[in-house]
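Below: the structure, in structure tokens.
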Amino acid sequence: MLKSTGANQIVGVPSLMRKIAEHALENGEDPAQAGMRRLIAIGEPTRDASLDLLPSARLIEEAWGAPLYSTYASTEIATTFCECPERRGGHLRPELLVVEIVNDEGRPVPAGETGEVVVTPLGVRGMPLVRFRTGDVSFLMTERCSCGRFSPRLGPILGRKNQMLKFKGTTVFPNAIVAALEGRADVAGACVEVGKSDDGTDRVVVYVHVKDPSVDRRNLEDLLRSRLRVVPEIVLVSEAEINDQMYRPGRRKRVTFLDRRGE
């Protein structure tokens with residue numbers, strides 16, 4: 001489709017961009033020769049708290065030979081936070097939206113501190129929303145952007161508030177586990193499942209599909225230990241098994257987190 005239409009930009013979910021690139025390579029096509037000028041990511045984070053590209057996002061850029069831009073939006077907020085060419089966070093459009101970062105008590109926190117993203121869209125008339133709690137965790141940057149704009153910028157989404165796990169004394173988000181693993185070129189997919197242990201603590205299991213069956217599980221454990229300081233249980237599964245976990249009928253996005261704590 002890209003070749004027949006002459007398209008030079010892709011807007012899509014990063015994991016799907018990577019899958020398309022891998023499919024092209026497997027079929028003798030080089031996605032880096034497709035002439036893409038930029039890639040616009042939706043639905044999944046591409047950066048960490050330091051605004052550095054996640055390893056998996058870097059693989060996507062290398063595969064397509066084009067820069068990857070982050071966005072953040074939802075149906076309720078009726079607008080989007082888009083990165084400028086400097087790619088240092090998503091700029092707020094103050095005429096369209098009021099944004100706050102709040103703590104567990106619902107009180108705004110200073111710029112740079114992490115909390116829940118709360119928004120008040122100014123252009124929604126059919127169903128006005130005031131201080132809508134998104135459930136997403138991020139932070140605001142208020143210093144002037146190097147592009148010259150003074151508008152506040154929203155940092156990367158670090159995780160969902162209701163998905164935050166306390167594992168071995170460390171706070172960790174499932175998407176951080178998935179991002180760390182999928183930063184390896186030989187990892188084709190990962191999915192986190194959490195349940196309750198007998199002692200009431202979170203039991204975290206990560207299902208991983210690797211392209212090379214000779215990959216040692218200990219290498220994956222060392223990677224997670226270096227990135228997250230904790231090592232959940234890792235189960236190596238087939239491509240069919242990981243696809244059954246991640247791609248559910250009727251779901252537009254892939255599923256990378258299964259919460260079994262209430263079962």
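The chains in the structure tokens are called A, B, ... from first to last as shown; in each chain the residues are counted from 1, and the ligands are counted from 1 in the order shown.
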I'd like the contact shell of range 225-233 of chain A - 7 Å cut-off, only C-alpha atoms, skipping same-chain residues fewer than 6 positions apart - returned as a list in words.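 Contacts, in chain order: Ala180, Val204, Val205 and Val206 of chain A.
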Write to file, as a PDB file, in the first residue's frame, the residues of the selection just made, with C-alpha atoms.
```pdb
ATOM      1  CA  ALA A 180      12.625  -3.223  28.110  1.00  0.00           C
ATOM      2  CA  VAL A 204       4.197 -11.009  38.131  1.00  0.00           C
ATOM      3  CA  VAL A 205       4.684 -13.350  35.177  1.00  0.00           C
ATOM      4  CA  VAL A 206       5.986 -12.179  31.811  1.00  0.00           C
TER       5      VAL A 206
END
```
All residues 6 Å or closer to Leu39 in chain A, only C-alpha atoms, same chain fewer than 3 positions away omitted, as a list in words: Gln9, Ile10 and Leu68 of chain A
Compare A:Gly195, A:Gly169, A:Pro14, A:Pro67 by their minimum atom-to-atom distance to Glu44 in chain A, counting only C-alpha atoms, and give me the closest one. A:Pro14
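With only C-alpha atoms as the basis for measurement, A:Gly183 is the residue among A:Gly6, A:Gly115, A:Gly183, A:Gly126 that approaches Thr46 in chain A most closely.
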List the neighbours of Ile42 in chain A out to 8 Å using only C-alpha atoms; skip same-chain residues closer than 3 positions along the sequence, and give me the result as number ranges by chain. A: 11-14, 45, 70-72
Would you output that residue set with C-alpha atoms, as an mmCIF file, in the first residue's frame?
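part.cif, written as the output of this step:
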```cif
data_model
loop_
_atom_site.group_PDB
_atom_site.id
_atom_site.type_symbol
_atom_site.label_atom_id
_atom_site.label_comp_id
_atom_site.auth_asym_id
_atom_site.auth_seq_id
_atom_site.Cartn_x
_atom_site.Cartn_y
_atom_site.Cartn_z
ATOM 1 C CA VAL A 11 0.396 7.346 11.642
ATOM 2 C CA GLY A 12 -0.071 4.248 13.753
ATOM 3 C CA VAL A 13 0.611 2.123 16.794
ATOM 4 C CA PRO A 14 4.396 1.636 17.185
ATOM 5 C CA PRO A 45 4.553 5.257 24.680
ATOM 6 C CA SER A 70 5.102 10.782 20.034
ATOM 7 C CA THR A 71 1.510 11.910 20.577
ATOM 8 C CA TYR A 72 -0.941 11.603 23.445
#
```
Could you please write out, as a ChimeraX atom specification, every residue of range 43-230 of chain A that DSSP assigns to strand (DSSP E)? /A:68-69,71-73,80-83,90-91,97-102,115-121,132-138,140-141,153-154,159-160,165-167,170-172,187-196,202-210
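The coordinates place CA of Pro249 in chain A at 24.4 Å from CA of Asp136 in chain A.
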Would you list the contacts of Asn162 in chain A as a VMD selection string, taking every protein, DNA or RNA residue within 10 Å and counting only C-alpha atoms, but skipping same-chain residues closer than 3 positions in sequence? chain A and resid 135 to 137 159 165 173 259
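If only C-alpha atoms are the atoms counted, then among A:Gln33, A:Thr79, A:Asn27, A:Thr5 the closest residue to Thr120 in chain A is A:Thr79.
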Contacts of Val187 in chain A within 12 Å, only C-alpha atoms, excl. fewer than 5 positions in-chain, as an MDAnalysis selection string: chainID A and resid 15 18:19 22 55:56 59 178:182 207:213 215:217 219:220 236:239 242
Expected answer as a list in words: alpha helix (DSSP H) residues in range 23-170 of chain A: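 Filtering range 23-170 of chain A to alpha helix (DSSP H) leaves His23, Ala24, Leu25, Glu26, Pro55, Ser56, Ala57, Arg58, Leu59, Ile60, Glu61, Glu62, Ala63 and Trp64 of chain A.
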Residues at most 12 Å from Ala24 in chain A, counting only C-alpha atoms, excluding those fewer than 2 positions away in the same chain, as a list in words?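 After dropping sequence-adjacent residues, the list is Met1, Leu2, Lys3, Met17, Arg18, Lys19, Ile20, Ala21, Glu22, Glu26, Asn27, Gly28, Glu29, Asp30, Pro31, Ala32, Gln33, Ala34, Ala63 and Trp64 of chain A.
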Please list as a PDB file with C-alpha atoms, in the first residue's frame every residue within 12 Å of Glu143 in chain A, counting only C-alpha atoms and excluding residues in the same chain fewer than 6 positions away.
```pdb
ATOM      1  CA  ARG A  88      10.918  17.099  23.916  1.00  0.00           C
ATOM      2  CA  GLY A  89       7.368  16.391  25.055  1.00  0.00           C
ATOM      3  CA  HIS A  91       2.885  20.704  23.531  1.00  0.00           C
ATOM      4  CA  ALA A 111       5.979  20.931  37.364  1.00  0.00           C
ATOM      5  CA  GLY A 112       8.287  17.966  36.959  1.00  0.00           C
ATOM      6  CA  ARG A 149       7.398  27.900  22.276  1.00  0.00           C
ATOM      7  CA  PHE A 150       6.459  28.790  25.856  1.00  0.00           C
ATOM      8  CA  SER A 151       3.478  26.431  26.151  1.00  0.00           C
ATOM      9  CA  PRO A 152       3.672  23.668  28.779  1.00  0.00           C
ATOM     10  CA  ARG A 153       4.588  20.202  27.554  1.00  0.00           C
ATOM     11  CA  LEU A 154       3.328  16.840  28.721  1.00  0.00           C
TER      12      LEU A 154
END
```
Would you mind reading off the distance between CA of Leu96 in chain A and CA of Leu129 in chain A, one decimal, in Å?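 Going from CA of Leu96 in chain A over to CA of Leu129 in chain A, I get 12.5 Å.
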Just give me the gap between CA of Asp186 in chain A and CA of Met246 in chain A in Å, one decimal is fine.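 One can read the CA of Asp186 in chain A to CA of Met246 in chain A distance as 17.6 Å.
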Can you work out which one of A:Lys166, A:Arg218, A:Arg261, A:Arg160 has the shortest atom-to-atom distance to Ser197 in chain A, counting only C-alpha atoms? A:Arg261
I'd like to know which of A:Ile157, A:Ala190, A:Cys147, A:Cys82 is closest to Val117 in chain A, using only C-alpha atoms.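 Among the listed residues, A:Ile157 lies closest to Val117 in chain A.
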